[in-house]
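Peer 1: Structure provided below as structure tokens; questions to follow.
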Amino acid sequence: MTFKHRHLLGIEPLAPSDITTLLDLADDYVTLNRTAKHSDTLAGLTQINMFFENSTRTQASFEIAGKRLGADVMNMAMQASSIKKGETLIDTAMTLNAMHPDLLVVRHPQSGAVDLLAQKVNCAVLNAGDGRHEHPTQALLDALTIRRAKGRLHRLSIAICGDIAHSRVARSNIMLLGKMENRIRLIAPPTLMPSGIEEFGVEVFDDMAKGLKDVDVVMMLRLQKERMDGGFIPSEREYYHRFGLDSEKLAHAKPDAIVMHPGPMNRGVEIDGTLADDINRSVIQEQVEMGVAVRMAAMDLLAQNLRAERAAA
Amino acid sequence: MPPLTLTLFTNARLIDPEIGQIIDGGLLVEDGKITDILTQPVENPNTYGADSIIDCAGKYLAPGIIDIGVKVCEPGERHKESFRSAGAAAAAGGVTTIVTRPDTDPAIDNPETLEFVIRRAREAAPVHVLPMAALTKGRMGREMTEISFLLDAGAVAFTDCDHVVTDTKVFSRALTYARSLGALVIAHVQEPGLSKGACVTSGKFASLRGLPGVTPMAERMALDRDIALIEMTGARYHVDQITTARALPALARAKANGLDITAGTSVHHLTLNALDVADYRTFFKLKPPLRDEDDRVAVAEAVASGLIDIISSMHTPQDEESKRLPFEEAASGAVALETFLPAALRLVHADLIDLPHLWRAMSLNPAKRLGLPSGRLAAGAPADLVLFDADAPFVMDRTTLRSKSRNTPFDGQRMQGKVLATYVDGACVFEMGA
């Protein structure tokens with residue numbers, strides 16, 4: 001066991017060996033989830049899910065992951081609660097901390113907010129997405145999906161396409177796939193490409209045909225309409241025409257290339273509906289399944305460290 | 001009238017920004033004014049008949065710092081900074097004149113509020129306080145303020161601070177009107193469309209942290225607009241902070257064309273860069289945001305060459321509640337009166353500038369721009385002086401700051417340079433250890 005982290009705040013602080021350890025354990029949980037669906041690994045621990053931003057899928061995934069491991073899981077819908085009454089993030093964190101949670105799963109619309117919160121609490125914090133910064137469990141579940149589909153997680157050519165500027169999923173994936181020594185190609189209109197991105201050790205394209213050439217994996221991103229304050233693309237139909245993934249554009253990739261999407265999908269905007277449902281190419285449903293397993297593995301590892309730390313104290 | 005007093009400063013290393021030299025010698029001060037510069041080491045101090053003799057022990061004696069753009073949070077937010085606390089911080093920092101900003105709540109945009117500020121400053125601050133007033137009412141960029149009345153009440157310059165007057169017609173009228181009164185207008189240059197919502201400079205770091213960034217070009221675009229308007233109106237104009245390399249050629253051209261333009265920058269932009277934000281450290285959130293290292297060095301060189309005229313602290317107190325927030329939500333600005341001198345000395349210790357040239361930017365040039373008699377070591381100038389040790393090392397501890405707000409980015413950092421004593425009109429307003 002080499003996983004020496006107190007929190008899972010992002011992919012940036014992880015070493016390749018951390019990633020491998022986590023994915024290996026997640027593989028075991030995939031098996032568990034298909035059979036017994038229960039263990040007592042987190043029995044006696046309290047997991048609180050704090051979502052300051054709407055989420056159905058990620059929150060459900062963390063909730064199921066916690067319950068399958070025997071934790072006491074509580075969901076707090078932060079949008080409807082004290083934050084509306086003017087309480088600051090730090091006060092909210094301190095209040096929760098006083099209730100002695102063990103695992104805190106946090107999503108927040110501001111980049112860096114989860115880091116800030118983690119400095120103020122005595123439990124393990126898992127970042128379930130902060131602003132445009134990181135979404136580590138999504139990158140890990142994508143990695144597990146790729147590893148299971150391709151048999152390895154290195155020396156693959158991987159295209160990440162779409163709204164990269166607003167995407168924390170893209171940032172975490174660029175970081176993870178880079179650490180594992182893959183070739184990363186980013187494809188997006190220049191208005192949706194973050195500044196300075198070429199310094200991340202990636203290849204940058206604004207043409208799907210060129211960018212997708214001979215790739216092993218195609219990761220599509222959701223067009224984040226809610227984070228856009230105007231004028232990034234002329235229209236959804238023009239975007240779909242140039243950057244939406246359909247079988248014609250996919251033909252530029254390797255014949256066995258897989259298609260991924262973090263969900264929720266805008267069918268007909270970034271991806272053709274038929275393609276998304278094509279079980280021979282699309283691994284989108286596997287990604288959801290891997291999500292639960294990866295989150296179980298992450299919480300298991302952090303809980304082990306937490307227990308060791310408490311035993312030493 | 002108190003009797004005239006004669007003070008002799010001996011054994012000093014005098015920093016003379018006017019001639020650009022350091023002189024081993026002394027100073028005679030009579031009744032709050034410098035009366036003589038002694039350009040030789042003083043052999044027999046007792047022959048001058050001085051009432052008091054101050055032995056400077058070979059340390060630097062320089063004109064006090066004149067800091068344009070200090071935020072004192074009166075009226076409105078006295079819990080963040082009062083004239084008393086800002087005055088004490090200035091004295092401890094070797095700042096003998098603070099030129100205050102009107103971005104208070106409410107804004108200082110009418111003679112009555114300005115008179116309140118002047119009265120409070122006189123009661124509470126041991127250093128000179130010269131107030132600036134807003135250029136437009138409420139700093140809203142719609143109607144100009146009563147510039148003539150405000151000048152009569154004591155305003156030394158007019159500025160909407162970090163609010164850019166976006167309506168070009170409103171701004172050109174205000175510049176024209178100010179021109180007719182000889183009033184100095186100080187502006188902030190950030191193209192408002194590009195900078196909207198941004199809290200860091202765009203680039204790799206901004207993308208890595210997922211923070212909305214503004215291109216450094218936004219500064220040059222806004223400067224270009226303002227230069228065109230100065231050319232059109234002939235106004236006296238100072239840009240508060242130039243922080244990017246791209247803006248420098250435009251500034252140089254405007255000066256070469258004979259426009260009445262000067263430029264400032266902040267000590268933070270001269271000593272820190274965008275990467276210092278690190279893990280979302282909000283004490284490093286400034287306006288404009290910290291820039292890349294290339295920009296920092298280019299701006300420091302522009303100060304050394306004189307293209308940038310003035311260094312300010314841009315002292316901006318923010319309480320803990322305003323800063324302990326996610327980065328995008330946190331307030332901008334840093335306190336700097338007490339760290340101004342040691343921070344600026346980093347440029348000297350890095351051989352980017354020498355002391356006399358640094359003092360031009362921190363004392364002589366601001367005095368000239370505002371038409372003040374201070375900022376120089378010359379007979380007849382006010383004895384506003386700072387005595388300091390340029391090398392004394394220390395580790396900055398923000399809990400020792402005299403400001404009510406302690407949002408300094410230098411907390412925990414190693415610095416060099418300590419103020420030993422500060423004199424305003426010949427009177428000692430700060431002495432280390434006293």
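Residues are named by chain letter and number: chains run A, B, ... in the order of the structure tokens, numbers start at 1 in each chain, and ligands are numbered from 1 in the order shown.
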Could you find all residues in range 33-130 of chain A that DSSP calls helix (DSSP H, G or I) from the backbone, and write them as a VMD selection string?
Peer 2: chain A and resid 33 to 34 57 to 68 78 to 80 82 to 85 89 to 97 113 to 118
Peer 1: Please dump the current selection as a PDB file, in the first residue's frame; keep C-alpha atoms.
Peer 2:
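Just written: out_29.pdb:
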```pdb
ATOM      1  CA  ASN A  33     -20.420  -4.706  -6.947  1.00  0.00           C
ATOM      2  CA  ARG A  34     -21.372  -7.415  -9.411  1.00  0.00           C
ATOM      3  CA  ARG A  57     -25.070  11.285 -10.856  1.00  0.00           C
ATOM      4  CA  THR A  58     -21.963  12.010  -8.813  1.00  0.00           C
ATOM      5  CA  GLN A  59     -23.870  12.372  -5.578  1.00  0.00           C
ATOM      6  CA  ALA A  60     -25.741   9.091  -6.170  1.00  0.00           C
ATOM      7  CA  SER A  61     -22.479   7.364  -7.041  1.00  0.00           C
ATOM      8  CA  PHE A  62     -20.771   8.524  -3.831  1.00  0.00           C
ATOM      9  CA  GLU A  63     -23.846   7.603  -1.811  1.00  0.00           C
ATOM     10  CA  ILE A  64     -24.022   4.083  -3.201  1.00  0.00           C
ATOM     11  CA  ALA A  65     -20.267   3.683  -2.789  1.00  0.00           C
ATOM     12  CA  GLY A  66     -20.477   4.631   0.885  1.00  0.00           C
ATOM     13  CA  LYS A  67     -23.491   2.449   1.568  1.00  0.00           C
ATOM     14  CA  ARG A  68     -21.971  -0.604  -0.088  1.00  0.00           C
ATOM     15  CA  MET A  78     -26.209  22.871   0.506  1.00  0.00           C
ATOM     16  CA  GLN A  79     -27.966  25.029  -2.025  1.00  0.00           C
ATOM     17  CA  ALA A  80     -31.105  25.029   0.085  1.00  0.00           C
ATOM     18  CA  SER A  82     -27.478  27.812   5.577  1.00  0.00           C
ATOM     19  CA  ILE A  83     -25.328  29.103   2.732  1.00  0.00           C
ATOM     20  CA  LYS A  84     -28.456  30.887   1.586  1.00  0.00           C
ATOM     21  CA  LYS A  85     -28.610  32.489   5.017  1.00  0.00           C
ATOM     22  CA  LEU A  89     -17.948  28.248   3.671  1.00  0.00           C
ATOM     23  CA  ILE A  90     -15.528  28.116   6.583  1.00  0.00           C
ATOM     24  CA  ASP A  91     -18.290  28.447   9.184  1.00  0.00           C
ATOM     25  CA  THR A  92     -20.207  25.673   7.450  1.00  0.00           C
ATOM     26  CA  ALA A  93     -17.076  23.522   7.529  1.00  0.00           C
ATOM     27  CA  MET A  94     -16.471  24.205  11.215  1.00  0.00           C
ATOM     28  CA  THR A  95     -20.068  23.407  12.071  1.00  0.00           C
ATOM     29  CA  LEU A  96     -19.933  20.106  10.247  1.00  0.00           C
ATOM     30  CA  ASN A  97     -16.551  19.320  11.706  1.00  0.00           C
ATOM     31  CA  ALA A 113     -13.125  25.979  -2.390  1.00  0.00           C
ATOM     32  CA  VAL A 114     -12.655  22.306  -1.503  1.00  0.00           C
ATOM     33  CA  ASP A 115      -8.960  22.906  -0.696  1.00  0.00           C
ATOM     34  CA  LEU A 116      -9.981  25.772   1.577  1.00  0.00           C
ATOM     35  CA  LEU A 117     -12.529  23.615   3.346  1.00  0.00           C
ATOM     36  CA  ALA A 118     -10.080  20.741   3.755  1.00  0.00           C
TER      37      ALA A 118
END
```
Peer 1: Residues of chain B within 9 Å of chain A, counting only C-alpha atoms, what are they? List them as a PDB file with C-alpha atoms, in the first residue's frame.
Peer 2:
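Everything below was put into part09.pdb:
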```
ATOM      1  CA  SER B 202      -4.553  34.286 -17.926  1.00  0.00           C
ATOM      2  CA  GLY B 203      -1.983  31.642 -18.777  1.00  0.00           C
ATOM      3  CA  LYS B 204      -0.814  28.260 -17.651  1.00  0.00           C
ATOM      4  CA  PHE B 205      -1.228  28.956 -13.937  1.00  0.00           C
ATOM      5  CA  ALA B 206      -4.782  30.277 -14.321  1.00  0.00           C
ATOM      6  CA  SER B 207      -5.700  27.237 -16.383  1.00  0.00           C
ATOM      7  CA  LEU B 208      -4.096  24.860 -13.904  1.00  0.00           C
ATOM      8  CA  ARG B 209      -6.023  26.346 -11.012  1.00  0.00           C
ATOM      9  CA  GLY B 210      -9.230  26.681 -13.013  1.00  0.00           C
ATOM     10  CA  LEU B 211      -9.495  30.385 -12.246  1.00  0.00           C
ATOM     11  CA  PRO B 212     -10.907  32.925 -14.699  1.00  0.00           C
ATOM     12  CA  GLY B 213      -8.030  34.959 -16.099  1.00  0.00           C
ATOM     13  CA  THR B 215      -5.109  38.685 -20.698  1.00  0.00           C
ATOM     14  CA  ASP B 279      -2.783  27.069  -3.574  1.00  0.00           C
ATOM     15  CA  TYR B 280      -5.378  29.802  -3.804  1.00  0.00           C
ATOM     16  CA  GLU B 321     -13.778  37.685   6.604  1.00  0.00           C
ATOM     17  CA  ARG B 324     -11.102  33.716   4.021  1.00  0.00           C
ATOM     18  CA  LEU B 325     -13.263  32.802   1.065  1.00  0.00           C
ATOM     19  CA  PRO B 326     -12.878  30.816  -2.125  1.00  0.00           C
ATOM     20  CA  PHE B 327     -10.413  32.727  -4.329  1.00  0.00           C
ATOM     21  CA  GLU B 328     -12.927  34.112  -6.799  1.00  0.00           C
ATOM     22  CA  GLU B 329     -15.153  35.447  -4.032  1.00  0.00           C
TER      23      GLU B 329
END
```
Peer 1: Could you tell me how far CA of Val217 in chain A lies from CA of Ala159 in chain A, in Å and to one decimal?
Peer 2: 6.2 Å
Peer 1: Taking only C-alpha atoms into account, name the residue in B:Gly426, B:Gly69, B:Gly138, B:Pro289 that is nearest to Ile311 in chain B.
Peer 2: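 Smallest distance to Ile311 in chain B is found for B:Gly69.
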Peer 1: Got a sec: who's within 10 Å of range 165-168 of chain B, counting only C-alpha atoms, leaving out chain neighbours fewer than 3 positions off, as a PDB file with N, CA, C and O atoms, in the first residue's frame?
Peer 2:
```pdb
ATOM      1  N   LEU B 135     -13.518  61.022  -9.310  1.00  0.00           N
ATOM      2  CA  LEU B 135     -13.663  61.775 -10.556  1.00  0.00           C
ATOM      3  C   LEU B 135     -15.129  61.857 -10.956  1.00  0.00           C
ATOM      4  O   LEU B 135     -15.587  62.855 -11.489  1.00  0.00           O
ATOM      5  N   THR B 136     -15.872  60.762 -10.688  1.00  0.00           N
ATOM      6  CA  THR B 136     -17.305  60.785 -11.000  1.00  0.00           C
ATOM      7  C   THR B 136     -18.095  60.445  -9.745  1.00  0.00           C
ATOM      8  O   THR B 136     -17.595  59.789  -8.837  1.00  0.00           O
ATOM      9  N   ARG B 139     -18.320  57.117  -7.975  1.00  0.00           N
ATOM     10  CA  ARG B 139     -17.408  56.332  -8.815  1.00  0.00           C
ATOM     11  C   ARG B 139     -18.202  55.486  -9.807  1.00  0.00           C
ATOM     12  O   ARG B 139     -17.844  54.369 -10.134  1.00  0.00           O
ATOM     13  N   MET B 140     -19.339  56.043 -10.252  1.00  0.00           N
ATOM     14  CA  MET B 140     -20.225  55.272 -11.124  1.00  0.00           C
ATOM     15  C   MET B 140     -19.927  55.506 -12.600  1.00  0.00           C
ATOM     16  O   MET B 140     -20.503  54.839 -13.461  1.00  0.00           O
ATOM     17  N   GLY B 141     -19.083  56.487 -12.889  1.00  0.00           N
ATOM     18  CA  GLY B 141     -18.720  56.715 -14.292  1.00  0.00           C
ATOM     19  C   GLY B 141     -19.792  57.394 -15.113  1.00  0.00           C
ATOM     20  O   GLY B 141     -19.810  57.258 -16.334  1.00  0.00           O
ATOM     21  N   ARG B 142     -20.710  58.132 -14.439  1.00  0.00           N
ATOM     22  CA  ARG B 142     -21.781  58.775 -15.199  1.00  0.00           C
ATOM     23  C   ARG B 142     -21.695  60.304 -15.182  1.00  0.00           C
ATOM     24  O   ARG B 142     -21.783  60.945 -16.217  1.00  0.00           O
ATOM     25  N   THR B 159      -9.773  60.571  -8.951  1.00  0.00           N
ATOM     26  CA  THR B 159      -9.671  59.204  -9.451  1.00  0.00           C
ATOM     27  C   THR B 159     -10.893  58.389  -9.056  1.00  0.00           C
ATOM     28  O   THR B 159     -11.445  58.577  -7.976  1.00  0.00           O
ATOM     29  N   ASP B 160     -11.306  57.491  -9.936  1.00  0.00           N
ATOM     30  CA  ASP B 160     -12.351  56.536  -9.577  1.00  0.00           C
ATOM     31  C   ASP B 160     -11.720  55.220  -9.117  1.00  0.00           C
ATOM     32  O   ASP B 160     -12.388  54.185  -9.054  1.00  0.00           O
ATOM     33  N   CYS B 161     -10.436  55.267  -8.825  1.00  0.00           N
ATOM     34  CA  CYS B 161      -9.696  54.096  -8.331  1.00  0.00           C
ATOM     35  C   CYS B 161      -9.820  52.940  -9.303  1.00  0.00           C
ATOM     36  O   CYS B 161      -9.609  53.131 -10.488  1.00  0.00           O
ATOM     37  N   ASP B 162     -10.213  51.759  -8.823  1.00  0.00           N
ATOM     38  CA  ASP B 162     -10.200  50.611  -9.732  1.00  0.00           C
ATOM     39  C   ASP B 162     -11.420  50.569 -10.644  1.00  0.00           C
ATOM     40  O   ASP B 162     -11.551  49.637 -11.431  1.00  0.00           O
ATOM     41  N   PHE B 171     -15.766  60.272 -19.753  1.00  0.00           N
ATOM     42  CA  PHE B 171     -14.365  60.400 -19.344  1.00  0.00           C
ATOM     43  C   PHE B 171     -13.705  61.581 -20.050  1.00  0.00           C
ATOM     44  O   PHE B 171     -12.972  62.361 -19.445  1.00  0.00           O
ATOM     45  N   SER B 172     -13.991  61.758 -21.353  1.00  0.00           N
ATOM     46  CA  SER B 172     -13.355  62.860 -22.078  1.00  0.00           C
ATOM     47  C   SER B 172     -13.845  64.204 -21.539  1.00  0.00           C
ATOM     48  O   SER B 172     -13.074  65.153 -21.429  1.00  0.00           O
ATOM     49  N   ARG B 173     -15.118  64.280 -21.152  1.00  0.00           N
ATOM     50  CA  ARG B 173     -15.621  65.533 -20.572  1.00  0.00           C
ATOM     51  C   ARG B 173     -14.949  65.809 -19.231  1.00  0.00           C
ATOM     52  O   ARG B 173     -14.551  66.937 -18.947  1.00  0.00           O
ATOM     53  N   ALA B 174     -14.844  64.766 -18.408  1.00  0.00           N
ATOM     54  CA  ALA B 174     -14.214  64.953 -17.098  1.00  0.00           C
ATOM     55  C   ALA B 174     -12.759  65.383 -17.262  1.00  0.00           C
ATOM     56  O   ALA B 174     -12.274  66.263 -16.553  1.00  0.00           O
ATOM     57  N   ALA B 187      -5.977  57.351 -13.263  1.00  0.00           N
ATOM     58  CA  ALA B 187      -6.874  56.314 -13.792  1.00  0.00           C
ATOM     59  C   ALA B 187      -6.261  54.927 -13.639  1.00  0.00           C
ATOM     60  O   ALA B 187      -5.054  54.758 -13.506  1.00  0.00           O
ATOM     61  N   HIS B 188      -7.150  53.949 -13.661  1.00  0.00           N
ATOM     62  CA  HIS B 188      -6.791  52.537 -13.596  1.00  0.00           C
ATOM     63  C   HIS B 188      -7.010  51.996 -14.999  1.00  0.00           C
ATOM     64  O   HIS B 188      -8.021  52.314 -15.627  1.00  0.00           O
ATOM     65  N   VAL B 189      -6.074  51.214 -15.511  1.00  0.00           N
ATOM     66  CA  VAL B 189      -6.219  50.764 -16.890  1.00  0.00           C
ATOM     67  C   VAL B 189      -6.453  49.255 -16.974  1.00  0.00           C
ATOM     68  O   VAL B 189      -5.544  48.456 -16.795  1.00  0.00           O
ATOM     69  N   GLN B 190      -7.687  48.882 -17.189  1.00  0.00           N
ATOM     70  CA  GLN B 190      -8.081  47.493 -17.415  1.00  0.00           C
ATOM     71  C   GLN B 190      -9.251  47.532 -18.373  1.00  0.00           C
ATOM     72  O   GLN B 190     -10.304  48.073 -18.025  1.00  0.00           O
ATOM     73  N   GLU B 191      -9.081  47.017 -19.557  1.00  0.00           N
ATOM     74  CA  GLU B 191     -10.200  47.005 -20.497  1.00  0.00           C
ATOM     75  C   GLU B 191     -11.320  46.207 -19.845  1.00  0.00           C
ATOM     76  O   GLU B 191     -11.137  45.033 -19.536  1.00  0.00           O
ATOM     77  N   PRO B 192     -12.479  46.872 -19.579  1.00  0.00           N
ATOM     78  CA  PRO B 192     -13.463  46.245 -18.690  1.00  0.00           C
ATOM     79  C   PRO B 192     -14.127  44.988 -19.262  1.00  0.00           C
ATOM     80  O   PRO B 192     -14.474  44.083 -18.499  1.00  0.00           O
ATOM     81  N   GLY B 193     -14.266  44.913 -20.566  1.00  0.00           N
ATOM     82  CA  GLY B 193     -14.885  43.717 -21.149  1.00  0.00           C
ATOM     83  C   GLY B 193     -14.005  42.495 -20.953  1.00  0.00           C
ATOM     84  O   GLY B 193     -14.449  41.435 -20.507  1.00  0.00           O
ATOM     85  N   ALA B 222      -6.565  49.478 -22.491  1.00  0.00           N
ATOM     86  CA  ALA B 222      -7.141  50.588 -21.736  1.00  0.00           C
ATOM     87  C   ALA B 222      -6.183  51.777 -21.722  1.00  0.00           C
ATOM     88  O   ALA B 222      -6.610  52.930 -21.800  1.00  0.00           O
ATOM     89  N   ARG B 225      -6.445  53.634 -25.012  1.00  0.00           N
ATOM     90  CA  ARG B 225      -7.629  54.493 -25.066  1.00  0.00           C
ATOM     91  C   ARG B 225      -7.364  55.794 -24.308  1.00  0.00           C
ATOM     92  O   ARG B 225      -7.627  56.892 -24.800  1.00  0.00           O
ATOM     93  N   ASP B 226      -6.823  55.656 -23.097  1.00  0.00           N
ATOM     94  CA  ASP B 226      -6.619  56.843 -22.272  1.00  0.00           C
ATOM     95  C   ASP B 226      -5.608  57.795 -22.915  1.00  0.00           C
ATOM     96  O   ASP B 226      -5.779  59.004 -22.867  1.00  0.00           O
ATOM     97  N   LEU B 229      -7.291  59.873 -25.367  1.00  0.00           N
ATOM     98  CA  LEU B 229      -8.118  60.906 -24.741  1.00  0.00           C
ATOM     99  C   LEU B 229      -7.272  62.042 -24.160  1.00  0.00           C
ATOM    100  O   LEU B 229      -7.696  63.191 -24.155  1.00  0.00           O
TER     101      LEU B 229
END
```
Peer 1: Give me the residues near Lys33 in chain B as a ChimeraX atom specification, where near means some atom within 9 Å (using only C-alpha atoms) and where sequence neighbours in that chain fewer than 4 positions away do not count.
Peer 2: /B:28-29,379-384,425-426
Peer 1: Those same residues - N, CA and C atoms - I'd like them written as a CSV table (one decimal), in the first residue's frame.
Peer 2:
```
chain,number,residue,atom,x,y,z
B,28,LEU,N,21.0,69.8,8.7
B,28,LEU,CA,20.5,70.8,9.7
B,28,LEU,C,19.0,71.0,9.5
B,29,VAL,N,18.3,70.9,10.5
B,29,VAL,CA,16.8,71.1,10.4
B,29,VAL,C,16.4,72.2,11.4
B,379,ALA,N,17.6,72.7,1.0
B,379,ALA,CA,17.3,73.8,1.9
B,379,ALA,C,15.9,74.3,1.6
B,380,GLY,N,15.0,74.4,2.6
B,380,GLY,CA,13.7,74.9,2.4
B,380,GLY,C,12.6,73.8,2.3
B,381,ALA,N,13.1,72.6,2.1
B,381,ALA,CA,12.1,71.5,2.0
B,381,ALA,C,11.7,71.1,3.4
B,382,PRO,N,10.5,70.6,3.6
B,382,PRO,CA,10.1,70.1,4.9
B,382,PRO,C,11.0,69.0,5.3
B,383,ALA,N,11.2,68.9,6.7
B,383,ALA,CA,12.1,67.9,7.2
B,383,ALA,C,11.3,66.6,7.4
B,384,ASP,N,10.8,66.0,6.3
B,384,ASP,CA,10.1,64.8,6.3
B,384,ASP,C,11.1,63.7,5.9
B,425,ASP,N,8.0,67.0,9.4
B,425,ASP,CA,8.2,68.4,9.8
B,425,ASP,C,9.2,68.5,10.9
B,426,GLY,N,10.2,67.6,10.9
B,426,GLY,CA,11.3,67.7,11.9
B,426,GLY,C,11.0,67.0,13.2
```
